[in-house]
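Student: my_file-v9.cif (mmCIF, C-alpha atoms, pLDDT in the B column; chains and numbers go by the auth columns) pasted underneath:
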data_protein
loop_
_atom_site.group_PDB
_atom_site.id
_atom_site.type_symbol
_atom_site.label_atom_id
_atom_site.label_comp_id
_atom_site.label_asym_id
_atom_site.label_seq_id
_atom_site.Cartn_x
_atom_site.Cartn_y
_atom_site.Cartn_z
_atom_site.B_iso_or_equiv
_atom_site.auth_seq_id
_atom_site.auth_asym_id
ATOM 1 C CA MET A 1 9.555 53.279 109.225 84.00 1 A
ATOM 2 C CA ASN A 2 10.751 49.791 108.279 90.00 2 A
ATOM 3 C CA GLU A 3 9.283 48.287 111.428 93.00 3 A
ATOM 4 C CA PHE A 4 5.953 50.030 110.790 94.00 4 A
ATOM 5 C CA LYS A 5 5.862 48.693 107.214 94.00 5 A
ATOM 6 C CA ASP A 6 6.600 45.163 108.428 95.00 6 A
ATOM 7 C CA LEU A 7 3.870 45.390 111.065 96.00 7 A
ATOM 8 C CA LEU A 8 1.366 46.745 108.522 96.00 8 A
ATOM 9 C CA ILE A 9 2.079 43.966 106.016 96.00 9 A
ATOM 10 C CA ASN A 10 1.869 41.293 108.713 96.00 10 A
ATOM 11 C CA GLU A 11 -1.485 42.659 109.902 97.00 11 A
ATOM 12 C CA LEU A 12 -2.795 42.860 106.333 96.00 12 A
ATOM 13 C CA LYS A 13 -1.940 39.217 105.704 97.00 13 A
ATOM 14 C CA SER A 14 -3.077 37.770 109.027 97.00 14 A
ATOM 15 C CA THR A 15 -6.261 39.827 109.397 97.00 15 A
ATOM 16 C CA ILE A 16 -7.434 39.174 105.848 96.00 16 A
ATOM 17 C CA GLU A 17 -6.622 35.476 106.209 96.00 17 A
ATOM 18 C CA GLY A 18 -8.712 35.419 109.385 96.00 18 A
ATOM 19 C CA LEU A 19 -11.641 37.061 107.588 95.00 19 A
ATOM 20 C CA ILE A 20 -11.639 35.122 104.307 94.00 20 A
ATOM 21 C CA GLY A 21 -9.580 32.011 105.001 93.00 21 A
ATOM 22 C CA ILE A 22 -6.946 32.872 102.393 92.00 22 A
ATOM 23 C CA ALA A 23 -3.757 34.816 103.072 93.00 23 A
ATOM 24 C CA PRO A 24 -3.141 37.418 100.382 95.00 24 A
ATOM 25 C CA GLU A 25 0.365 37.847 99.048 96.00 25 A
ATOM 26 C CA VAL A 26 1.589 41.355 99.859 97.00 26 A
ATOM 27 C CA SER A 27 5.025 42.782 99.127 96.00 27 A
ATOM 28 C CA ILE A 28 6.478 46.267 98.898 96.00 28 A
ATOM 29 C CA LEU A 29 7.278 47.357 95.359 96.00 29 A
ATOM 30 C CA SER A 30 8.434 50.903 96.029 95.00 30 A
ATOM 31 C CA GLU A 31 8.189 53.932 98.278 95.00 31 A
ATOM 32 C CA THR A 32 8.103 57.531 97.192 94.00 32 A
ATOM 33 C CA LYS A 33 7.726 61.121 98.281 93.00 33 A
ATOM 34 C CA ASP A 34 6.909 62.140 94.699 89.00 34 A
ATOM 35 C CA LEU A 35 3.152 61.725 94.515 92.00 35 A
ATOM 36 C CA GLY A 36 1.200 62.437 91.400 84.00 36 A
ATOM 37 C CA PRO A 37 -2.114 61.353 89.961 90.00 37 A
ATOM 38 C CA THR A 38 -3.702 58.072 90.989 92.00 38 A
ATOM 39 C CA LYS A 39 -4.646 55.156 88.744 92.00 39 A
ATOM 40 C CA PRO A 40 -8.380 54.365 89.008 96.00 40 A
ATOM 41 C CA PRO A 41 -10.620 52.471 89.497 98.00 41 A
ATOM 42 C CA TYR A 42 -10.116 51.923 93.222 98.00 42 A
ATOM 43 C CA ALA A 43 -11.656 52.084 96.654 98.00 43 A
ATOM 44 C CA LYS A 44 -10.339 55.064 98.590 98.00 44 A
ATOM 45 C CA ILE A 45 -10.363 54.567 102.343 98.00 45 A
ATOM 46 C CA VAL A 46 -9.642 57.737 104.355 98.00 46 A
ATOM 47 C CA ILE A 47 -8.278 56.988 107.828 98.00 47 A
ATOM 48 C CA LYS A 48 -8.027 59.669 110.508 98.00 48 A
ATOM 49 C CA VAL A 49 -5.118 59.044 112.843 98.00 49 A
ATOM 50 C CA LYS A 50 -4.839 60.208 116.441 96.00 50 A
ATOM 51 C CA PRO A 51 -2.905 62.022 117.824 94.00 51 A
ATOM 52 C CA LYS A 52 -2.832 63.680 114.383 95.00 52 A
ATOM 53 C CA GLY A 53 -2.653 62.808 110.736 97.00 53 A
ATOM 54 C CA GLU A 54 -4.348 61.039 107.866 98.00 54 A
ATOM 55 C CA ILE A 55 -3.715 57.898 105.861 98.00 55 A
ATOM 56 C CA LEU A 56 -5.249 57.023 102.516 98.00 56 A
ATOM 57 C CA PHE A 57 -5.499 53.362 101.613 98.00 57 A
ATOM 58 C CA LEU A 58 -6.125 52.890 97.880 98.00 58 A
ATOM 59 C CA VAL A 59 -7.289 49.395 96.933 98.00 59 A
ATOM 60 C CA PRO A 60 -7.865 48.613 93.245 98.00 60 A
ATOM 61 C CA ALA A 61 -11.504 47.751 92.556 98.00 61 A
ATOM 62 C CA GLU A 62 -10.634 44.227 91.390 98.00 62 A
ATOM 63 C CA VAL A 63 -8.825 43.431 94.663 97.00 63 A
ATOM 64 C CA ALA A 64 -11.454 45.118 96.847 97.00 64 A
ATOM 65 C CA THR A 65 -14.389 43.343 95.209 98.00 65 A
ATOM 66 C CA ALA A 66 -12.632 39.964 95.212 97.00 66 A
ATOM 67 C CA LEU A 67 -11.864 40.327 98.940 97.00 67 A
ATOM 68 C CA GLY A 68 -15.448 41.344 99.669 96.00 68 A
ATOM 69 C CA ASP A 69 -16.808 38.399 97.689 96.00 69 A
ATOM 70 C CA LEU A 70 -14.485 35.983 99.508 96.00 70 A
ATOM 71 C CA MET A 71 -15.529 37.449 102.866 94.00 71 A
ATOM 72 C CA LEU A 72 -19.126 36.564 101.980 91.00 72 A
ATOM 73 C CA ALA A 73 -18.070 32.975 101.129 92.00 73 A
ATOM 74 C CA GLY A 74 -18.024 33.600 97.381 93.00 74 A
ATOM 75 C CA ASP A 75 -15.376 32.559 94.870 94.00 75 A
ATOM 76 C CA GLY A 76 -13.570 35.921 94.883 94.00 76 A
ATOM 77 C CA VAL A 77 -15.159 37.413 91.793 94.00 77 A
ATOM 78 C CA ALA A 78 -13.422 40.640 90.788 96.00 78 A
ATOM 79 C CA LYS A 79 -15.232 43.648 89.299 97.00 79 A
ATOM 80 C CA THR A 80 -14.029 46.998 87.998 97.00 80 A
ATOM 81 C CA GLU A 81 -17.092 48.815 89.394 97.00 81 A
ATOM 82 C CA MET A 82 -18.053 48.953 93.071 98.00 82 A
ATOM 83 C CA ASN A 83 -21.457 49.264 94.720 97.00 83 A
ATOM 84 C CA ASP A 84 -22.346 50.121 98.331 97.00 84 A
ATOM 85 C CA ASP A 85 -22.041 46.480 99.436 96.00 85 A
ATOM 86 C CA ASP A 86 -18.528 46.283 97.964 97.00 86 A
ATOM 87 C CA LEU A 87 -17.546 49.509 99.742 98.00 87 A
ATOM 88 C CA ASP A 88 -18.984 48.263 103.044 97.00 88 A
ATOM 89 C CA ALA A 89 -17.011 45.017 102.710 97.00 89 A
ATOM 90 C CA ILE A 90 -13.659 46.706 102.021 97.00 90 A
ATOM 91 C CA LYS A 91 -14.347 49.188 104.837 98.00 91 A
ATOM 92 C CA GLU A 92 -14.907 46.272 107.218 97.00 92 A
ATOM 93 C CA ILE A 93 -11.710 44.554 106.066 97.00 93 A
ATOM 94 C CA ILE A 94 -9.520 47.664 106.361 98.00 94 A
ATOM 95 C CA SER A 95 -11.131 48.581 109.682 98.00 95 A
ATOM 96 C CA ASN A 96 -10.158 45.162 111.030 98.00 96 A
ATOM 97 C CA VAL A 97 -6.598 45.518 109.673 98.00 97 A
ATOM 98 C CA PHE A 98 -6.069 48.913 111.304 98.00 98 A
ATOM 99 C CA GLY A 99 -7.728 47.779 114.544 97.00 99 A
ATOM 100 C CA ALA A 100 -5.195 44.947 114.722 97.00 100 A
ATOM 101 C CA LEU A 101 -2.391 47.357 113.791 97.00 101 A
ATOM 102 C CA LYS A 102 -3.374 49.686 116.660 97.00 102 A
ATOM 103 C CA THR A 103 -3.136 46.792 119.130 97.00 103 A
ATOM 104 C CA THR A 104 0.223 45.724 117.702 96.00 104 A
ATOM 105 C CA LEU A 105 1.632 49.268 117.848 95.00 105 A
ATOM 106 C CA GLU A 106 0.566 49.591 121.491 96.00 106 A
ATOM 107 C CA ALA A 107 2.643 46.502 122.315 95.00 107 A
ATOM 108 C CA GLN A 108 5.792 47.952 120.704 93.00 108 A
ATOM 109 C CA GLU A 109 7.907 50.131 122.995 91.00 109 A
ATOM 110 C CA ASN A 110 9.723 51.915 120.175 90.00 110 A
ATOM 111 C CA MET A 111 6.698 52.668 117.953 92.00 111 A
ATOM 112 C CA PRO A 112 4.331 55.637 118.118 93.00 112 A
ATOM 113 C CA LYS A 113 0.918 54.983 119.628 94.00 113 A
ATOM 114 C CA MET A 114 -1.776 55.621 117.032 96.00 114 A
ATOM 115 C CA GLU A 115 -5.541 55.305 116.909 97.00 115 A
ATOM 116 C CA PHE A 116 -7.251 54.828 113.551 98.00 116 A
ATOM 117 C CA GLU A 117 -10.766 55.794 112.468 98.00 117 A
ATOM 118 C CA ILE A 118 -12.146 55.316 108.979 98.00 118 A
ATOM 119 C CA THR A 119 -13.870 58.579 108.074 98.00 119 A
ATOM 120 C CA ASN A 120 -14.777 57.905 104.437 98.00 120 A
ATOM 121 C CA VAL A 121 -14.875 55.113 101.874 98.00 121 A
ATOM 122 C CA SER A 122 -15.583 55.872 98.234 98.00 122 A
ATOM 123 C CA PHE A 123 -15.273 54.408 94.769 98.00 123 A
ATOM 124 C CA ILE A 124 -12.984 56.493 92.569 98.00 124 A
ATOM 125 C CA ASP A 125 -13.139 56.100 88.800 97.00 125 A
ATOM 126 C CA LYS A 126 -11.177 59.226 87.790 97.00 126 A
ATOM 127 C CA GLU A 127 -7.581 60.272 88.451 96.00 127 A
ATOM 128 C CA GLU A 128 -7.030 62.245 91.640 95.00 128 A
ATOM 129 C CA ASP A 129 -4.114 64.478 92.524 93.00 129 A
ATOM 130 C CA ILE A 130 -2.586 63.294 95.817 95.00 130 A
ATOM 131 C CA SER A 131 0.459 65.569 95.762 93.00 131 A
ATOM 132 C CA GLU A 132 -0.668 67.203 99.040 94.00 132 A
ATOM 133 C CA TYR A 133 0.338 63.991 100.821 95.00 133 A
ATOM 134 C CA ALA A 134 3.916 63.309 101.867 95.00 134 A
ATOM 135 C CA TYR A 135 4.729 59.654 101.253 95.00 135 A
ATOM 136 C CA ALA A 136 3.399 56.504 99.596 96.00 136 A
ATOM 137 C CA ILE A 137 4.122 52.819 99.960 96.00 137 A
ATOM 138 C CA ASN A 138 3.255 50.904 96.795 96.00 138 A
ATOM 139 C CA MET A 139 2.509 47.253 97.485 97.00 139 A
ATOM 140 C CA GLU A 140 1.834 44.362 95.168 97.00 140 A
ATOM 141 C CA CYS A 141 -1.348 42.701 96.428 97.00 141 A
ATOM 142 C CA LYS A 142 -2.313 39.273 95.143 97.00 142 A
ATOM 143 C CA VAL A 143 -5.643 37.635 95.922 95.00 143 A
ATOM 144 C CA ASN A 144 -6.374 34.413 94.002 91.00 144 A
ATOM 145 C CA ASP A 145 -5.058 35.217 90.511 94.00 145 A
ATOM 146 C CA ILE A 146 -5.614 38.967 90.798 96.00 146 A
ATOM 147 C CA VAL A 147 -2.402 40.979 91.100 97.00 147 A
ATOM 148 C CA LYS A 148 -2.650 44.755 91.509 97.00 148 A
ATOM 149 C CA VAL A 149 -0.818 47.623 93.201 97.00 149 A
ATOM 150 C CA CYS A 150 -2.333 48.883 96.455 97.00 150 A
ATOM 151 C CA GLN A 151 -1.119 52.138 97.987 97.00 151 A
ATOM 152 C CA VAL A 152 -0.836 53.351 101.562 97.00 152 A
ATOM 153 C CA ILE A 153 -0.381 57.125 101.544 97.00 153 A
ATOM 154 C CA PHE A 154 0.663 59.216 104.542 97.00 154 A
ATOM 155 C CA ASP A 155 0.325 62.910 105.207 96.00 155 A
ATOM 156 C CA GLU A 156 3.224 64.909 106.671 96.00 156 A
ATOM 157 C CA ASN A 157 2.020 64.373 110.259 96.00 157 A
ATOM 158 C CA ILE A 158 2.193 60.580 109.945 95.00 158 A
ATOM 159 C CA LEU A 159 5.556 60.741 108.227 92.00 159 A
ATOM 160 C CA GLU A 160 6.960 62.873 111.078 93.00 160 A
ATOM 161 C CA GLN A 161 5.729 60.317 113.631 92.00 161 A
ATOM 162 C CA LEU A 162 7.283 57.397 111.751 90.00 162 A
ATOM 163 C CA ILE A 163 10.549 59.094 110.769 86.00 163 A
ATOM 164 C CA PRO A 164 11.084 61.873 113.342 72.00 164 A
ATOM 165 C CA GLN A 165 14.856 61.924 113.005 54.00 165 A
ATOM 166 C CA GLU A 166 14.792 62.434 109.225 45.00 166 A
ATOM 167 C CA LYS A 167 13.296 65.919 109.516 45.00 167 A
ATOM 168 C CA ASN A 168 15.828 66.852 112.209 41.00 168 A
ATOM 169 C CA GLU A 169 18.705 65.593 110.063 42.00 169 A
ATOM 170 C CA VAL A 170 17.538 67.610 107.062 40.00 170 A
ATOM 171 C CA THR A 171 17.092 70.723 109.211 39.00 171 A
ATOM 172 C CA SER A 172 20.501 70.394 110.831 36.00 172 A
ATOM 173 C CA GLN A 173 22.189 69.825 107.478 41.00 173 A
ATOM 174 C CA THR A 174 20.672 72.927 105.940 42.00 174 A
ATOM 175 C CA ALA A 175 21.413 75.021 109.032 41.00 175 A
ATOM 176 C CA LYS A 176 25.195 74.443 108.948 41.00 176 A
ATOM 177 C CA PRO A 177 27.139 77.441 107.680 42.00 177 A
ATOM 178 C CA PHE A 178 29.564 76.961 104.812 40.00 178 A
ATOM 179 C CA ILE A 179 33.162 77.479 105.972 39.00 179 A
ATOM 180 C CA PHE A 180 35.956 78.242 103.545 40.00 180 A
ATOM 181 C CA SER A 181 39.218 76.480 104.202 39.00 181 A
ATOM 182 C CA GLY A 182 42.649 77.089 102.799 43.00 182 A
ATOM 183 C CA SER A 183 44.038 80.342 101.543 43.00 183 A
ATOM 184 C CA SER A 184 42.408 82.694 99.164 42.00 184 A
ATOM 185 C CA THR A 185 43.974 84.938 96.541 44.00 185 A
ATOM 186 C CA PHE A 186 41.334 87.660 96.239 37.00 186 A
#
So, in terms of structure tokens, how does the structure I just supplied come out?
Tutor:
Amino acid sequence: MNEFKDLLINELKSTIEGLIGIAPEVSILSETKDLGPTKPPYAKIVIKVKPKGEILFLVPAEVATALGDLMLAGDGVAKTEMNDDDLDAIKEIISNVFGALKTTLEAQENMPKMEFEITNVSFIDKEEDISEYAYAINMECKVNDIVKVCQVIFDENILEQLIPQEKNEVTSQTAKPFIFSGSSTF
């Protein structure tokens, strides 16, 4: 999982820099399996993964709109509302990031091969329950002077591909019988 996270962050930085001429600052704040409600407003990018799985990429509206404005040679104006043009811009950016990530994963011998397809992009202005997903990486994303938390959220299928041994370890630990040792005085 650590290698995947490093590759994702590197592709975020380099791809966005290539598109807008400015490298965003991206760092991991936390990771969790305890997923609750989201914090709007944000752009929600749904990414179908082959062979199987789904990733959600949640980008705060201020970051998404600033990136889109910079991509169109603007000053990086941030907004808390998003229109269709803003959604198209962040879709294009994230599509480029995951296209580059696919190529990078294919070059790694020890990483799963994944194909990514954006199936939906929407503006969310109300809390959503994402507890059906398995894992989230919370990243601090800084573009110009805008600092917000972006989230990459994986379903169980993606988590199993990135951490296959973890599930086996948990299963084998719970399958071991408990053995009493020593004498008993029943």
Student: Quick one, how far is CA of Ile130 in chain A from CA of Ile47 in chain A?
Tutor: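 Distance between the two atoms: 14.7 Å.
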Student: What is the distance between CA of Val59 in chain A and CA of Glu156 in chain A, in Å to one decimal?
Tutor: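 So the answer is 21.1 Å.
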Student: What does the PyMOL selection byres ((chain A and resi 116-123) around 10) select in this file, as a count of residues only?
Tutor: 43
Student: Between A:Val63, A:Cys150, A:Glu31, A:Met111, which is the closest to Pro164 in chain A once you count all atoms listed in the file?
Tutor: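 Ranking A:Val63, A:Cys150, A:Glu31, A:Met111 by distance to Pro164 in chain A, first place goes to A:Met111.
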Student: Would you kindly return, as a ChimeraX atom specification, each protein, DNA or RNA residue with an atom no farther than 12 Å from any atom of range 6-11 of chain A, considering all atoms listed in the file and excluding same-chain residues fewer than 6 positions away?
Tutor: /A:17-19,23-28,57,93-108,111,137-141,150-152
Student: For CA of Asp129 in chain A and CA of Gly68 in chain A, quote the distance in Å rounded to one decimal.
Tutor: 26.7 Å
Student: Pick the closest to Phe154 in chain A from A:Ala78, A:Ala64, A:Met1, A:Ile22: which is it, counting only C-alpha atoms?
Tutor: A:Met1
Student: Of the candidates A:Ala136, A:Ser131, A:Val147, A:Leu70, which shows the shortest atom-to-atom distance to Pro37 in chain A, using all atoms listed in the file?
Tutor: A:Ser131
Student: Rebuild range 82-93 of chain A to all heavy atoms - output it as an mmCIF file, in the coordinates of the input, please.
Tutor:
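selection.cif written:
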data_model
loop_
_atom_site.group_PDB
_atom_site.id
_atom_site.type_symbol
_atom_site.label_atom_id
_atom_site.label_comp_id
_atom_site.auth_asym_id
_atom_site.auth_seq_id
_atom_site.Cartn_x
_atom_site.Cartn_y
_atom_site.Cartn_z
ATOM 1 N N MET A 82 -17.741 49.299 91.689
ATOM 2 C CA MET A 82 -18.053 48.953 93.071
ATOM 3 C C MET A 82 -19.387 49.558 93.475
ATOM 4 O O MET A 82 -19.661 50.715 93.177
ATOM 5 C CB MET A 82 -16.953 49.452 94.010
ATOM 6 C CG MET A 82 -15.593 48.816 93.742
ATOM 7 S SD MET A 82 -14.318 49.409 94.876
ATOM 8 C CE MET A 82 -14.803 48.544 96.377
ATOM 9 N N ASN A 83 -20.198 48.763 94.181
ATOM 10 C CA ASN A 83 -21.457 49.264 94.720
ATOM 11 C C ASN A 83 -21.310 49.459 96.231
ATOM 12 O O ASN A 83 -20.230 49.253 96.796
ATOM 13 C CB ASN A 83 -22.617 48.327 94.359
ATOM 14 C CG ASN A 83 -22.427 46.932 94.914
ATOM 15 O OD1 ASN A 83 -21.854 46.727 95.988
ATOM 16 N ND2 ASN A 83 -22.917 45.936 94.179
ATOM 17 N N ASP A 84 -22.396 49.855 96.889
ATOM 18 C CA ASP A 84 -22.346 50.121 98.331
ATOM 19 C C ASP A 84 -21.946 48.884 99.135
ATOM 20 O O ASP A 84 -21.226 48.999 100.131
ATOM 21 C CB ASP A 84 -23.688 50.661 98.829
ATOM 22 C CG ASP A 84 -23.946 52.098 98.370
ATOM 23 O OD1 ASP A 84 -22.974 52.776 97.967
ATOM 24 O OD2 ASP A 84 -25.117 52.528 98.421
ATOM 25 N N ASP A 85 -22.413 47.711 98.732
ATOM 26 C CA ASP A 85 -22.041 46.480 99.436
ATOM 27 C C ASP A 85 -20.540 46.216 99.331
ATOM 28 O O ASP A 85 -19.906 45.794 100.307
ATOM 29 C CB ASP A 85 -22.824 45.279 98.900
ATOM 30 C CG ASP A 85 -24.306 45.338 99.269
ATOM 31 O OD1 ASP A 85 -24.658 46.035 100.252
ATOM 32 O OD2 ASP A 85 -25.104 44.684 98.563
ATOM 33 N N ASP A 86 -19.972 46.460 98.154
ATOM 34 C CA ASP A 86 -18.528 46.283 97.964
ATOM 35 C C ASP A 86 -17.752 47.253 98.857
ATOM 36 O O ASP A 86 -16.753 46.885 99.470
ATOM 37 C CB ASP A 86 -18.130 46.521 96.497
ATOM 38 C CG ASP A 86 -18.759 45.528 95.542
ATOM 39 O OD1 ASP A 86 -18.851 44.329 95.890
ATOM 40 O OD2 ASP A 86 -19.160 45.958 94.438
ATOM 41 N N LEU A 87 -18.220 48.504 98.912
ATOM 42 C CA LEU A 87 -17.546 49.509 99.742
ATOM 43 C C LEU A 87 -17.663 49.170 101.225
ATOM 44 O O LEU A 87 -16.697 49.330 101.979
ATOM 45 C CB LEU A 87 -18.108 50.903 99.452
ATOM 46 C CG LEU A 87 -17.797 51.456 98.058
ATOM 47 C CD1 LEU A 87 -18.588 52.740 97.805
ATOM 48 C CD2 LEU A 87 -16.306 51.695 97.882
ATOM 49 N N ASP A 88 -18.818 48.679 101.644
ATOM 50 C CA ASP A 88 -18.984 48.263 103.044
ATOM 51 C C ASP A 88 -18.040 47.120 103.387
ATOM 52 O O ASP A 88 -17.450 47.093 104.476
ATOM 53 C CB ASP A 88 -20.426 47.833 103.320
ATOM 54 C CG ASP A 88 -21.388 49.009 103.399
ATOM 55 O OD1 ASP A 88 -20.921 50.165 103.533
ATOM 56 O OD2 ASP A 88 -22.616 48.757 103.329
ATOM 57 N N ALA A 89 -17.882 46.174 102.463
ATOM 58 C CA ALA A 89 -17.011 45.017 102.710
ATOM 59 C C ALA A 89 -15.554 45.439 102.841
ATOM 60 O O ALA A 89 -14.855 45.013 103.777
ATOM 61 C CB ALA A 89 -17.183 43.987 101.590
ATOM 62 N N ILE A 90 -15.071 46.302 101.929
ATOM 63 C CA ILE A 90 -13.659 46.706 102.021
ATOM 64 C C ILE A 90 -13.447 47.600 103.235
ATOM 65 O O ILE A 90 -12.380 47.559 103.860
ATOM 66 C CB ILE A 90 -13.153 47.350 100.704
ATOM 67 C CG1 ILE A 90 -11.612 47.373 100.682
ATOM 68 C CG2 ILE A 90 -13.720 48.733 100.487
ATOM 69 C CD1 ILE A 90 -10.947 46.031 100.696
ATOM 70 N N LYS A 91 -14.453 48.382 103.616
ATOM 71 C CA LYS A 91 -14.347 49.188 104.837
ATOM 72 C C LYS A 91 -14.194 48.271 106.047
ATOM 73 O O LYS A 91 -13.358 48.524 106.923
ATOM 74 C CB LYS A 91 -15.580 50.079 105.003
ATOM 75 C CG LYS A 91 -15.555 50.898 106.282
ATOM 76 C CD LYS A 91 -16.811 51.741 106.440
ATOM 77 C CE LYS A 91 -16.756 52.530 107.740
ATOM 78 N NZ LYS A 91 -17.969 53.330 107.943
ATOM 79 N N GLU A 92 -14.978 47.225 106.112
ATOM 80 C CA GLU A 92 -14.907 46.272 107.218
ATOM 81 C C GLU A 92 -13.528 45.598 107.273
ATOM 82 O O GLU A 92 -12.930 45.462 108.337
ATOM 83 C CB GLU A 92 -16.006 45.211 107.072
ATOM 84 C CG GLU A 92 -16.025 44.177 108.163
ATOM 85 C CD GLU A 92 -16.449 44.733 109.517
ATOM 86 O OE1 GLU A 92 -17.125 45.781 109.561
ATOM 87 O OE2 GLU A 92 -16.088 44.113 110.533
ATOM 88 N N ILE A 93 -13.021 45.212 106.125
ATOM 89 C CA ILE A 93 -11.710 44.554 106.066
ATOM 90 C C ILE A 93 -10.614 45.499 106.539
ATOM 91 O O ILE A 93 -9.803 45.153 107.404
ATOM 92 C CB ILE A 93 -11.434 44.031 104.638
ATOM 93 C CG1 ILE A 93 -12.380 42.860 104.320
ATOM 94 C CG2 ILE A 93 -9.972 43.619 104.482
ATOM 95 C CD1 ILE A 93 -12.414 42.462 102.862
#
